[in-house]
file data-v4.tsv (TSV, C-alpha atoms and all ligand atoms)
chain	number	residue	atom	x	y	z
Z	20	MET	CA	0.00	0.00	0.00
Z	21	LYS	CA	1.03	3.54	-0.71
Z	22	LYS	CA	2.38	5.50	2.21
Z	23	THR	CA	-0.22	8.10	3.18
Z	24	TYR	CA	0.37	11.17	5.33
Z	25	LYS	CA	-2.44	12.80	7.25
Z	26	ILE	CA	-2.27	16.54	6.76
Z	27	ALA	CA	-4.42	19.08	8.60
Z	28	VAL	CA	-5.08	22.08	6.40
Z	29	MET	CA	-5.89	25.48	7.88
Z	30	PRO	CA	-6.37	27.88	4.99
Z	31	GLY	CA	-7.21	30.71	7.40
Z	32	ASP	CA	-7.97	34.28	6.44
Z	33	GLY	CA	-7.62	36.64	3.49
Z	34	THR	CA	-5.55	35.19	0.69
Z	35	GLY	CA	-4.65	32.15	2.83
Z	36	PRO	CA	-7.15	29.85	1.08
Z	37	GLU	CA	-5.95	30.88	-2.39
Z	38	VAL	CA	-2.31	30.18	-1.71
Z	39	VAL	CA	-3.03	26.99	0.23
Z	40	ALA	CA	-4.95	25.62	-2.77
Z	41	GLU	CA	-1.86	26.08	-4.94
Z	42	GLY	CA	0.36	24.58	-2.25
Z	43	ILE	CA	-1.81	21.48	-2.22
Z	44	LYS	CA	-1.83	21.29	-6.00
Z	45	VAL	CA	1.95	21.19	-6.01
Z	46	LEU	CA	2.19	18.84	-3.01
Z	47	ASP	CA	-0.11	16.38	-4.75
Z	48	ALA	CA	1.92	16.53	-7.94
Z	49	ALA	CA	5.10	15.80	-5.97
Z	50	ALA	CA	3.47	12.99	-4.00
Z	51	ALA	CA	2.02	11.35	-7.11
Z	52	THR	CA	5.38	11.46	-8.86
Z	53	GLU	CA	7.22	9.95	-5.90
Z	54	GLY	CA	4.55	7.35	-5.10
Z	55	PHE	CA	3.05	8.45	-1.81
Z	56	ALA	CA	-0.20	10.17	-0.90
Z	57	LEU	CA	-1.40	13.05	1.24
Z	58	GLU	CA	-4.79	12.90	2.89
Z	59	TYR	CA	-6.13	16.31	3.87
Z	60	THR	CA	-8.51	17.31	6.62
Z	61	ASP	CA	-9.74	20.90	6.47
Z	62	TYR	CA	-10.03	23.07	9.55
Z	63	ASN	CA	-11.66	26.40	8.94
Z	64	MET	CA	-10.20	28.35	11.81
Z	65	GLY	CA	-9.56	32.06	11.57
Z	66	GLY	CA	-11.23	35.46	11.64
Z	67	GLU	CA	-14.54	34.41	10.07
Z	68	LEU	CA	-15.14	31.59	12.54
Z	69	TYR	CA	-14.15	33.83	15.42
Z	70	LYS	CA	-16.56	36.54	14.33
Z	71	LYS	CA	-19.41	34.05	13.95
Z	72	THR	CA	-18.94	31.89	17.03
Z	73	GLY	CA	-16.22	33.41	19.20
Z	74	ASP	CA	-14.19	30.21	18.73
Z	75	ILE	CA	-10.56	30.48	17.80
Z	76	LEU	CA	-9.26	26.99	18.33
Z	77	PRO	CA	-11.67	24.59	20.02
Z	78	ASP	CA	-9.94	22.07	22.32
Z	79	HIS	CA	-11.17	19.08	20.33
Z	80	VAL	CA	-9.35	20.47	17.29
Z	81	VAL	CA	-6.06	20.57	19.18
Z	82	GLY	CA	-6.67	16.94	20.14
Z	83	GLU	CA	-7.28	16.00	16.51
Z	84	LEU	CA	-4.22	17.89	15.32
Z	85	ARG	CA	-2.07	15.79	17.62
Z	86	GLN	CA	-3.04	12.76	15.55
Z	87	MET	CA	-1.91	14.29	12.26
Z	88	ASP	CA	1.42	13.90	10.52
Z	89	SER	CA	1.63	17.61	9.81
Z	90	ILE	CA	-0.27	20.89	9.60
Z	91	PHE	CA	-0.37	23.15	6.55
Z	92	LEU	CA	-1.38	26.69	7.41
Z	93	GLY	CA	-2.34	29.55	5.09
Z	94	ALA	CA	-2.54	32.82	7.00
Z	95	ILE	CA	-4.12	34.18	10.13
Z	96	GLY	CA	-5.26	37.80	10.49
Z	97	HIS	CA	-8.56	39.53	9.82
Z	98	PRO	CA	-9.16	43.27	9.41
Z	99	ASP	CA	-12.19	43.14	11.76
Z	100	VAL	CA	-10.37	41.30	14.53
Z	101	LYS	CA	-8.13	43.18	16.91
Z	102	PRO	CA	-4.46	42.31	16.27
Z	103	GLY	CA	-3.16	39.76	18.75
Z	104	ILE	CA	-6.33	37.76	19.31
Z	105	LEU	CA	-5.98	35.28	16.48
Z	106	GLU	CA	-2.19	35.30	16.62
Z	107	LYS	CA	-2.21	34.37	20.29
Z	108	GLY	CA	-5.26	32.14	20.21
Z	109	LEU	CA	-4.25	30.13	17.18
Z	110	LEU	CA	-0.71	30.43	15.92
Z	111	LEU	CA	1.08	30.88	19.23
Z	112	ARG	CA	-1.22	28.45	21.02
Z	113	LEU	CA	-0.44	25.73	18.52
Z	114	ARG	CA	3.28	26.42	18.69
Z	115	PHE	CA	3.15	26.06	22.47
Z	116	GLU	CA	0.67	23.22	22.85
Z	117	LEU	CA	2.27	21.09	20.17
Z	118	ASP	CA	5.69	22.07	21.50
Z	119	GLN	CA	6.91	23.19	18.09
Z	120	TYR	CA	10.10	24.46	19.60
Z	121	ILE	CA	11.90	25.25	16.36
Z	122	ASN	CA	11.01	27.92	13.86
Z	123	LEU	CA	12.96	27.07	10.75
Z	124	ARG	CA	13.36	29.84	8.21
Z	125	PRO	CA	15.46	29.30	5.10
Z	126	VAL	CA	16.74	32.51	3.52
Z	127	LYS	CA	17.62	31.64	-0.04
Z	128	LEU	CA	17.75	33.87	-3.06
Z	129	TYR	CA	16.87	32.03	-6.24
Z	130	GLU	CA	18.17	32.93	-9.65
Z	131	GLY	CA	15.91	35.42	-11.40
Z	132	VAL	CA	14.64	36.96	-8.16
Z	133	THR	CA	15.47	40.57	-7.38
Z	134	THR	CA	17.05	41.29	-4.03
Z	135	PRO	CA	17.31	44.83	-2.65
Z	136	LEU	CA	20.97	44.13	-1.87
Z	137	ALA	CA	23.21	45.63	-4.53
Z	138	ASN	CA	25.84	43.30	-5.99
Z	139	LYS	CA	24.56	40.21	-4.19
Z	140	GLY	CA	23.30	37.10	-5.94
Z	141	PRO	CA	22.11	33.57	-5.25
Z	142	GLU	CA	25.65	32.48	-4.32
Z	143	ASP	CA	25.70	35.08	-1.53
Z	144	ILE	CA	22.27	34.64	0.01
Z	145	ASP	CA	21.72	31.10	1.18
Z	146	PHE	CA	21.41	30.48	4.88
Z	147	VAL	CA	18.94	29.19	7.44
Z	148	VAL	CA	17.72	30.77	10.65
Z	149	VAL	CA	16.89	28.39	13.49
Z	150	ARG	CA	14.69	30.41	15.82
Z	151	GLU	CA	13.73	29.13	19.26
Z	152	ASN	CA	9.92	28.97	19.11
Z	153	SER	CA	8.62	28.08	22.57
Z	154	GLU	CA	10.14	30.44	25.14
Z	155	GLY	CA	11.85	33.81	25.45
Z	156	LEU	CA	9.71	36.93	25.35
Z	157	TYR	CA	6.90	34.91	23.78
Z	158	SER	CA	6.29	32.88	26.94
Z	159	GLY	CA	3.72	35.35	28.23
Z	160	ALA	CA	5.51	35.73	31.56
Z	161	GLY	CA	5.19	39.06	33.27
Z	162	GLY	CA	2.35	41.25	34.30
Z	163	VAL	CA	0.94	44.67	34.74
Z	164	LEU	CA	0.18	46.77	37.79
Z	165	LYS	CA	-2.03	49.85	38.06
Z	166	ARG	CA	-2.95	49.70	34.40
Z	167	GLY	CA	-4.19	52.97	32.96
Z	168	THR	CA	-2.88	55.05	35.85
Z	169	PRO	CA	0.19	57.28	35.91
Z	170	ASP	CA	1.86	54.63	38.11
Z	171	GLU	CA	1.42	51.84	35.61
Z	172	VAL	CA	4.11	49.15	35.62
Z	173	ALA	CA	4.43	46.66	32.75
Z	174	VAL	CA	6.85	43.75	32.92
Z	175	GLN	CA	7.41	41.28	30.09
Z	176	GLU	CA	9.95	38.64	30.92
Z	177	SER	CA	12.15	36.56	28.66
Z	178	ILE	CA	12.11	32.96	29.87
Z	179	ASN	CA	15.11	30.87	28.86
Z	180	THR	CA	15.46	27.35	30.19
Z	181	ARG	CA	18.53	25.19	29.88
Z	182	LYS	CA	16.37	22.47	28.36
Z	183	GLY	CA	14.71	24.84	25.86
Z	184	VAL	CA	17.93	26.53	24.84
Z	185	GLU	CA	19.85	23.29	24.54
Z	186	ARG	CA	17.31	21.47	22.39
Z	187	CYS	CA	17.19	24.43	20.01
Z	188	ILE	CA	20.96	24.72	19.76
Z	189	ARG	CA	21.30	20.97	19.31
Z	190	TYR	CA	18.74	21.05	16.47
Z	191	ALA	CA	20.73	23.85	14.82
Z	192	PHE	CA	23.98	21.90	14.97
Z	193	GLU	CA	22.31	18.77	13.60
Z	194	TYR	CA	20.72	20.83	10.86
Z	195	CYS	CA	24.05	22.41	9.99
Z	196	ARG	CA	25.70	18.99	9.78
Z	197	LYS	CA	22.94	17.62	7.57
Z	198	ARG	CA	22.86	20.74	5.39
Z	199	ASN	CA	26.55	20.18	4.78
Z	200	LYS	CA	27.23	23.59	3.24
Z	201	ASN	CA	29.78	25.86	4.91
Z	202	LYS	CA	29.55	23.96	8.19
Z	203	LYS	CA	29.32	27.17	10.10
Z	204	ILE	CA	26.92	28.16	12.82
Z	205	THR	CA	26.44	31.64	14.20
Z	206	LEU	CA	24.86	32.32	17.56
Z	207	CYS	CA	22.86	35.55	17.41
Z	208	GLY	CA	22.48	37.12	20.86
Z	209	LYS	CA	23.13	40.17	22.95
Z	210	THR	CA	25.69	39.04	25.49
Z	211	ASN	CA	26.82	42.61	26.16
Z	212	VAL	CA	23.46	43.64	27.64
Z	213	LEU	CA	21.23	40.62	28.25
Z	214	THR	CA	23.83	39.11	30.52
Z	215	TYR	CA	21.61	36.47	32.13
Z	216	ALA	CA	19.72	35.07	29.18
Z	217	PHE	CA	22.54	35.11	26.67
Z	218	ASP	CA	25.06	33.87	29.15
Z	219	LEU	CA	22.96	30.71	29.27
Z	220	TRP	CA	22.74	30.66	25.48
Z	221	GLU	CA	26.46	31.23	25.02
Z	222	ARG	CA	27.59	28.58	27.50
Z	223	THR	CA	25.17	26.04	26.09
Z	224	PHE	CA	26.22	26.88	22.53
Z	225	TYR	CA	29.91	26.26	23.16
Z	226	GLU	CA	29.24	23.12	25.22
Z	227	VAL	CA	27.12	21.57	22.47
Z	228	ALA	CA	29.68	22.72	19.87
Z	229	GLU	CA	32.26	20.37	21.37
Z	230	GLU	CA	30.20	17.47	20.06
Z	231	TYR	CA	30.45	18.87	16.53
Z	232	PRO	CA	34.16	19.46	15.96
Z	233	GLU	CA	33.70	19.73	12.19
Z	234	ILE	CA	31.39	22.74	12.55
Z	235	GLU	CA	32.87	26.23	12.83
Z	236	THR	CA	31.28	28.38	15.53
Z	237	ASP	CA	30.74	32.11	15.44
Z	238	TYR	CA	28.96	34.67	17.58
Z	239	ALA	CA	27.41	38.06	16.73
Z	240	HIS	CA	25.15	40.45	18.58
Z	241	VAL	CA	21.70	40.78	17.06
Z	242	ASP	CA	22.21	44.40	16.00
Z	243	ALA	CA	25.41	43.47	14.23
Z	244	ILE	CA	23.70	40.49	12.58
Z	245	CYS	CA	21.21	42.92	11.01
Z	246	MET	CA	24.11	44.86	9.62
Z	247	TRP	CA	25.94	41.80	8.28
Z	248	MET	CA	22.80	40.29	6.78
Z	249	VAL	CA	22.66	43.34	4.56
Z	250	LYS	CA	26.35	43.88	3.97
Z	251	ASN	CA	27.78	40.35	3.94
Z	252	PRO	CA	24.99	37.76	3.85
Z	253	GLU	CA	27.47	35.26	2.40
Z	254	TRP	CA	29.03	34.92	5.85
Z	255	PHE	CA	26.07	32.94	7.14
Z	256	ASP	CA	25.23	29.27	6.89
Z	257	VAL	CA	23.09	28.52	9.96
Z	258	ILE	CA	22.10	31.19	12.48
Z	259	VAL	CA	20.63	30.11	15.81
Z	260	THR	CA	18.83	32.56	18.07
Z	261	ASP	CA	16.05	33.17	20.57
Z	262	ASN	CA	12.39	33.72	19.81
Z	263	MET	CA	12.25	37.51	19.64
Z	264	PHE	CA	15.50	38.10	17.81
Z	265	GLY	CA	14.57	35.29	15.45
Z	266	ASP	CA	11.25	36.94	14.69
Z	267	ILE	CA	12.95	40.19	13.78
Z	268	ILE	CA	15.88	38.92	11.75
Z	269	THR	CA	13.73	36.54	9.72
Z	270	ASP	CA	11.64	39.42	8.37
Z	271	LEU	CA	14.88	41.01	7.28
Z	272	GLY	CA	15.83	37.65	5.81
Z	273	ALA	CA	12.57	37.46	3.88
Z	274	MET	CA	13.27	40.82	2.28
Z	275	ILE	CA	16.77	39.98	1.09
Z	276	GLN	CA	15.53	36.73	-0.47
Z	277	GLY	CA	12.95	38.56	-2.55
Z	278	GLY	CA	10.10	39.33	-0.18
Z	279	MET	CA	7.06	37.77	1.41
Z	280	GLY	CA	5.98	36.21	-1.90
Z	281	ILE	CA	8.65	33.56	-1.52
Z	282	ALA	CA	9.40	33.28	2.23
Z	283	ALA	CA	8.28	30.11	4.01
Z	284	GLY	CA	8.72	28.80	7.50
Z	285	GLY	CA	8.24	25.70	9.58
Z	286	ASN	CA	7.16	25.43	13.21
Z	287	ILE	CA	8.79	22.17	14.04
Z	288	ASN	CA	8.50	19.64	16.80
Z	289	PRO	CA	11.09	17.09	15.70
Z	290	GLU	CA	9.41	14.45	17.86
Z	291	GLY	CA	5.81	15.50	17.18
Z	292	VAL	CA	3.48	17.38	14.86
Z	293	SER	CA	4.92	20.30	12.91
Z	294	MET	CA	3.21	23.17	11.11
Z	295	PHE	CA	4.28	24.89	7.90
Z	296	GLU	CA	3.27	28.29	6.60
Z	297	PRO	CA	4.03	31.06	4.16
Z	298	ILE	CA	5.13	33.85	6.46
Z	299	GLY	CA	3.59	36.73	4.57
Z	300	GLY	CA	0.25	37.12	6.34
Z	301	SER	CA	-3.32	37.23	5.07
Z	302	ALA	CA	-3.05	40.28	2.73
Z	303	PRO	CA	-6.80	40.97	3.11
Z	304	ARG	CA	-6.98	43.61	0.40
Z	305	TYR	CA	-6.03	41.05	-2.24
Z	306	THR	CA	-8.56	38.43	-1.10
Z	307	GLY	CA	-10.14	36.48	-3.92
Z	308	MET	CA	-8.41	38.47	-6.63
Z	309	GLN	CA	-6.05	35.69	-7.72
Z	310	VAL	CA	-3.14	38.08	-7.81
Z	311	ILE	CA	-1.16	36.95	-4.78
Z	312	ASN	CA	1.98	34.90	-5.22
Z	313	PRO	CA	1.50	31.32	-3.95
Z	314	MET	CA	5.21	30.50	-4.02
Z	315	ALA	CA	5.72	31.03	-0.29
Z	316	ALA	CA	2.96	28.49	0.39
Z	317	ILE	CA	4.46	26.15	-2.19
Z	318	CYS	CA	7.86	26.48	-0.51
Z	319	ALA	CA	6.18	25.82	2.86
Z	320	GLY	CA	4.90	22.58	1.34
Z	321	GLN	CA	8.43	21.75	0.26
Z	322	LEU	CA	9.66	22.30	3.82
Z	323	MET	CA	6.85	20.08	5.08
Z	324	LEU	CA	7.84	17.20	2.81
Z	325	GLU	CA	11.47	17.61	3.78
Z	326	THR	CA	10.55	17.40	7.46
Z	327	LEU	CA	8.35	14.35	6.84
Z	328	GLY	CA	11.39	12.68	5.30
Z	329	GLU	CA	10.16	12.88	1.70
Z	330	GLU	CA	13.30	14.56	0.53
Z	331	LYS	CA	13.09	13.52	-3.10
Z	332	ALA	CA	9.61	14.98	-3.45
Z	333	ALA	CA	10.75	18.14	-1.66
Z	334	GLY	CA	13.68	18.39	-4.05
Z	335	ARG	CA	11.28	18.21	-6.99
Z	336	ILE	CA	9.33	21.16	-5.64
Z	337	GLU	CA	12.43	23.23	-5.16
Z	338	LYS	CA	13.62	22.43	-8.67
Z	339	ALA	CA	10.22	23.38	-10.09
Z	340	VAL	CA	10.09	26.67	-8.17
Z	341	LYS	CA	13.57	27.50	-9.38
Z	342	LYS	CA	12.60	26.82	-12.98
Z	343	ALA	CA	9.47	28.94	-12.76
Z	344	LEU	CA	11.48	31.80	-11.28
Z	345	LYS	CA	14.19	31.54	-13.88
Z	346	ASP	CA	12.01	31.09	-16.95
Z	347	ASP	CA	8.57	32.50	-16.24
Z	348	ILE	CA	7.90	34.68	-13.25
Z	349	LYS	CA	9.95	37.82	-13.21
Z	350	ASP	CA	8.20	39.85	-10.54
Z	351	LEU	CA	7.07	38.22	-7.30
Z	352	ALA	CA	4.81	41.07	-6.17
Z	353	ALA	CA	1.05	40.66	-6.00
Z	354	GLY	CA	-0.54	41.63	-9.30
Z	355	LYS	CA	2.78	41.90	-11.10
Z	356	MET	CA	3.51	38.25	-11.74
Z	357	GLY	CA	1.96	38.16	-15.19
Z	358	TYR	CA	0.08	35.03	-14.08
Z	359	THR	CA	-2.85	34.39	-11.75
Z	360	THR	CA	-2.29	32.68	-8.42
Z	361	SER	CA	-3.75	29.50	-9.82
Z	362	GLU	CA	-1.66	29.66	-13.01
Z	363	VAL	CA	1.51	29.86	-10.94
Z	364	GLY	CA	0.37	26.71	-9.12
Z	365	ASP	CA	-0.35	24.96	-12.44
Z	366	LEU	CA	3.02	25.91	-13.82
Z	367	ILE	CA	4.97	24.66	-10.83
Z	368	ALA	CA	2.88	21.49	-10.52
Z	369	ALA	CA	3.70	20.70	-14.14
Z	370	TYR	CA	7.43	21.29	-13.58
Z	371	VAL	CA	7.35	19.07	-10.49
Z	372	LYS	CA	6.46	16.11	-12.68
Z	373	ASP	CA	9.29	16.70	-15.21
Z	401	LIG	C1	5.97	35.07	12.76
Z	401	LIG	C2	4.89	36.07	13.11
Z	401	LIG	C3	4.32	35.73	14.46
Z	401	LIG	C4	5.45	35.84	15.48
Z	401	LIG	C5	3.12	36.61	14.88
Z	401	LIG	C6	2.03	36.58	13.83
Z	401	LIG	C7	2.60	36.21	16.21
Z	401	LIG	O1	5.37	37.36	13.04
Z	401	LIG	O2	5.64	33.88	12.62
Z	401	LIG	O3	7.12	35.45	12.61
Z	401	LIG	O4	5.71	36.92	16.02
Z	401	LIG	O5	6.07	34.82	15.73
Z	402	MN	MN	7.42	37.50	12.45
call {"tool": "encode", "arguments": {"input": "data-v4.tsv", "output": "structure tokens"}}
result
Amino acid sequence: MKKTYKIAVMPGDGTGPEVVAEGIKVLDAAAATEGFALEYTDYNMGGELYKKTGDILPDHVVGELRQMDSIFLGAIGHPDVKPGILEKGLLLRLRFELDQYINLRPVKLYEGVTTPLANKGPEDIDFVVVRENSEGLYSGAGGVLKRGTPDEVAVQESINTRKGVERCIRYAFEYCRKRNKNKKITLCGKTNVLTYAFDLWERTFYEVAEEYPEIETDYAHVDAICMWMVKNPEWFDVIVTDNMFGDIITDLGAMIQGGMGIAAGGNINPEGVSMFEPIGGSAPRYTGMQVINPMAAICAGQLMLETLGEEKAAGRIEKAVKKALKDDIKDLAAGKMGYTTSEVGDLIAAYVKD
């Protein structure tokens, strides 16, 4: 019997459903060519459901998601819903409850894609950010006193545990070894100011490094990393960092690789259920217009297959995306692709089978 993976699909809000449809089209083409199958279960979470019922993520859904092989997410964010509600109630809740402690964000410039960095090309921009995804400033620790008064006090604490830091760093070293590129890993921190949290990170980093003698280690403060990502992106192979810094530097990463039209990410629990998403958001003003670029969702699908161990199928998707970028799609921006969302999916699905 054919191997079948159970995939939960959450198209979400705005243009999420449009790009997810193209992601699935391409995933199915890759699966068919490599001889396995994907069985999808739709979950219509997001702004519309919340507005209608007040539900964001019912508990029984979380239970069902635990039984899946993976989750494929479109986008969360609705113009009528106050920012933070859906993000916290859905995206962050799933990351925490499913213990997806890695946020994996490849930053790769493909041939034919324009980067805002002058004199940099695909050979210069090819690295991966491993962001800790379950602790740090995202833990929700802290509190507020005397809210709304002149004496208000707001505290938001960054929680860093030895266990959480070590498992993230270990994942990054393993990833670096497997990636087998420059064999270099950079810790991104702020040891000159955040002397408690990044002391833990730094000690753990160099302790784990001893187990990987073939991997070169490097350290840079987060502010400097921002500078080097623009000036010398070719220095990086794998960057490992905490949740907040990782959030910030991966948006910068998305821009230098050509923008949100192509940037994908994975929320990974290496021992459990992971979730893959285009990182660009729901782009509500383009909803239903078939102008948004589905490549980020398609690349999220590629990352999903890679994580499921279907590396050949994932490789097919990457090859197909590269071909479409080189030969067909010159501008990644919404409405400027020269193709509809669905045509881009058709094109890439056809290349996947070649
Ligand atoms: C991301 C997003 C999320 C984050 C938001 C939507 C909560 O920006 O995945 O990078 O901050 O992690
Ligand atoms: Mn972000």
call {"tool": "closest_atom_pairs", "arguments": {"input": "data-v4.tsv", "of": "chain Z", "to": "ligand LIG 401 (chain Z)", "cutoff": "10 Å", "atoms": "all atoms listed in the file", "output": "tab-separated table"}}
result
residue	atom	partner	partner_atom	distance
Z:Ala94	CA	Z:LIG401	C6	9.0
Z:Ile95	CA	Z:LIG401	C6	7.6
Z:Gly96	CA	Z:LIG401	C6	8.1
Z:Pro102	CA	Z:LIG401	C6	9.0
Z:Gly103	CA	Z:LIG401	C7	7.2
Z:Ile104	CA	Z:LIG401	C7	9.6
Z:Leu105	CA	Z:LIG401	C6	8.5
Z:Glu106	CA	Z:LIG401	C7	4.9
Z:Lys107	CA	Z:LIG401	C7	6.6
Z:Gly108	CA	Z:LIG401	C7	9.7
Z:Leu109	CA	Z:LIG401	C7	9.2
Z:Leu110	CA	Z:LIG401	C7	6.7
Z:Leu111	CA	Z:LIG401	C7	6.3
Z:Arg112	CA	Z:LIG401	C7	9.9
Z:Arg114	CA	Z:LIG401	O5	9.3
Z:Asn122	CA	Z:LIG401	O2	8.1
Z:Arg124	CA	Z:LIG401	O3	9.5
Z:Arg150	CA	Z:LIG401	O3	9.6
Z:Asn152	CA	Z:LIG401	O5	7.8
Z:Ser153	CA	Z:LIG401	O5	9.9
Z:Tyr157	CA	Z:LIG401	O5	8.1
Z:Asn262	CA	Z:LIG401	O5	7.6
Z:Met263	CA	Z:LIG401	O4	7.5
Z:Gly265	CA	Z:LIG401	O3	8.0
Z:Asp266	CA	Z:LIG401	O3	4.9
Z:Ile267	CA	Z:LIG401	O3	7.6
Z:Ile268	CA	Z:LIG401	O3	9.5
Z:Thr269	CA	Z:LIG401	O3	7.3
Z:Asp270	CA	Z:LIG401	O3	7.4
Z:Ala283	CA	Z:LIG401	O2	9.8
Z:Gly284	CA	Z:LIG401	O2	7.8
Z:Gly285	CA	Z:LIG401	O2	9.1
Z:Asn286	CA	Z:LIG401	O2	8.6
Z:Glu296	CA	Z:LIG401	O2	8.6
Z:Pro297	CA	Z:LIG401	O2	9.1
Z:Ile298	CA	Z:LIG401	O2	6.2
Z:Gly299	CA	Z:LIG401	C2	8.7
Z:Gly300	CA	Z:LIG401	C6	7.7
call {"tool": "atom_distance", "arguments": {"input": "data-v4.tsv", "atom1": "atom CA of Z:Glu67", "atom2": "atom CA of Z:Ala315"}}
result
23.0 Å
call {"tool": "closest_residue", "arguments": {"input": "data-v4.tsv", "among": "Z:Arg181, Z:Lys44, Z:Lys25, Z:Lys345", "to": "Z:Tyr215", "atoms": "all atoms listed in the file"}}
result
Z:Arg181
call {"tool": "closest_residue", "arguments": {"input": "data-v4.tsv", "among": "Z:Gly35, Z:Pro313, Z:Gly161, Z:Gly66", "to": "Z:Ile348", "atoms": "only C-alpha atoms"}}
result
Z:Pro313
call {"tool": "closest_residue", "arguments": {"input": "data-v4.tsv", "among": "Z:Asp347, Z:Asp218, Z:Ile234, Z:Met279", "to": "ligand MN 402 (chain Z)", "atoms": "only C-alpha atoms and all ligand atoms"}}
result
Z:Met279
call {"tool": "residues_around", "arguments": {"input": "data-v4.tsv", "residues": "stretch 130-138 of chain Z", "least_positions_apart": "2", "cutoff": "9 Å", "atoms": "all atoms listed in the file", "output": "PyMOL selection string"}}
result
chain Z and resi 128+140-141+249-250+274-278+341-342+344-346+348-351
call {"tool": "closest_residue", "arguments": {"input": "data-v4.tsv", "among": "Z:Gly93, Z:Gly272, Z:Gly42, Z:Gly307", "to": "ligand MN 402 (chain Z)", "atoms": "all atoms listed in the file"}}
result
Z:Gly272
call {"tool": "axis_aligned_box", "arguments": {"input": "data-v4.tsv", "around": "stretch 224-242 of chain Z", "padding_each_side": "4 Å", "output": "JSON"}}
result
{"center_x": 27.9, "center_y": 30.9, "center_z": 18.7, "size_x": 20.5, "size_y": 34.9, "size_z": 21.0}
call {"tool": "residues_around", "arguments": {"input": "data-v4.tsv", "residues": "Z:Asp88", "least_positions_apart": "2", "cutoff": "10 Å", "atoms": "only C-alpha atoms", "output": "ChimeraX atom specification"}}
result
/Z:23-27,57-58,84-86,90,291-294,323,327
call {"tool": "residues_around", "arguments": {"input": "data-v4.tsv", "residues": "Z:Ala173", "least_positions_apart": "2", "cutoff": "8 Å", "atoms": "all atoms listed in the file", "output": "list of chain:residue names"}}
result
Z:Gly161, Z:Gly162, Z:Val163, Z:Leu164, Z:Glu171, Z:Gln175
call {"tool": "write_last_selection", "arguments": {"input": "data-v4.tsv", "atoms": "C-alpha atoms", "output": "compact mmCIF listing (two decimals), keeping the file's coordinate frame"}}
result
# COMPACT_ATOMS: atom_id res chain seq x y z
CA GLY Z 161 5.19 39.06 33.27
CA GLY Z 162 2.35 41.25 34.30
CA VAL Z 163 0.94 44.67 34.74
CA LEU Z 164 0.18 46.77 37.79
CA GLU Z 171 1.42 51.84 35.61
CA GLN Z 175 7.41 41.28 30.09
call {"tool": "residues_around", "arguments": {"input": "data-v4.tsv", "residues": "Z:Tyr238", "least_positions_apart": "5", "cutoff": "9 Å", "atoms": "all atoms listed in the file", "output": "list in words"}}
result
Ile204, Thr205, Leu206, Cys207, Gly208 and Glu221 of chain Z
call {"tool": "closest_residue", "arguments": {"input": "data-v4.tsv", "among": "Z:Ile121, Z:Ala273, Z:Ala369, Z:Leu213", "to": "ligand MN 402 (chain Z)", "atoms": "all atoms listed in the file"}}
result
Z:Ala273
call {"tool": "closest_residue", "arguments": {"input": "data-v4.tsv", "among": "Z:Asp118, Z:Asp143, Z:Glu290, Z:Glu193", "to": "Z:Glu230", "atoms": "all atoms listed in the file"}}
result
Z:Glu193
call {"tool": "atom_distance", "arguments": {"input": "data-v4.tsv", "atom1": "atom CA of Z:Phe91", "atom2": "atom CA of Z:Lys331"}}
result
19.2 Å
call {"tool": "atom_distance", "arguments": {"input": "data-v4.tsv", "atom1": "atom CA of Z:Phe255", "atom2": "atom CA of Z:Phe146"}}
result
5.7 Å
call {"tool": "residues_around", "arguments": {"input": "data-v4.tsv", "residues": "Z:Val363", "least_positions_apart": "6", "cutoff": "9 Å", "atoms": "all atoms listed in the file", "output": "PyMOL selection string"}}
result
chain Z and resi 41+312-314+343+348+356
call {"tool": "residues_near_point", "arguments": {"input": "data-v4.tsv", "point": "(15.3, 29.8, 8.9)", "cutoff": "6 Å", "atoms": "all atoms listed in the file", "output": "list in words"}}
result
Leu123, Arg124, Pro125, Val147, Val148 and Val149 of chain Z
call {"tool": "write_last_selection", "arguments": {"input": "data-v4.tsv", "atoms": "C-alpha atoms", "output": "compact mmCIF listing (two decimals), in the coordinates of the input"}}
result
# COMPACT_ATOMS: atom_id res chain seq x y z
CA LEU Z 123 12.96 27.07 10.75
CA ARG Z 124 13.36 29.84 8.21
CA PRO Z 125 15.46 29.30 5.10
CA VAL Z 147 18.94 29.19 7.44
CA VAL Z 148 17.72 30.77 10.65
CA VAL Z 149 16.89 28.39 13.49
call {"tool": "residues_near_point", "arguments": {"input": "data-v4.tsv", "point": "(-6.1, 37.3, -6.9)", "cutoff": "8 Å", "atoms": "all atoms listed in the file", "output": "PyMOL selection string"}}
result
chain Z and resi 34+37+305-311+353-354+359-360
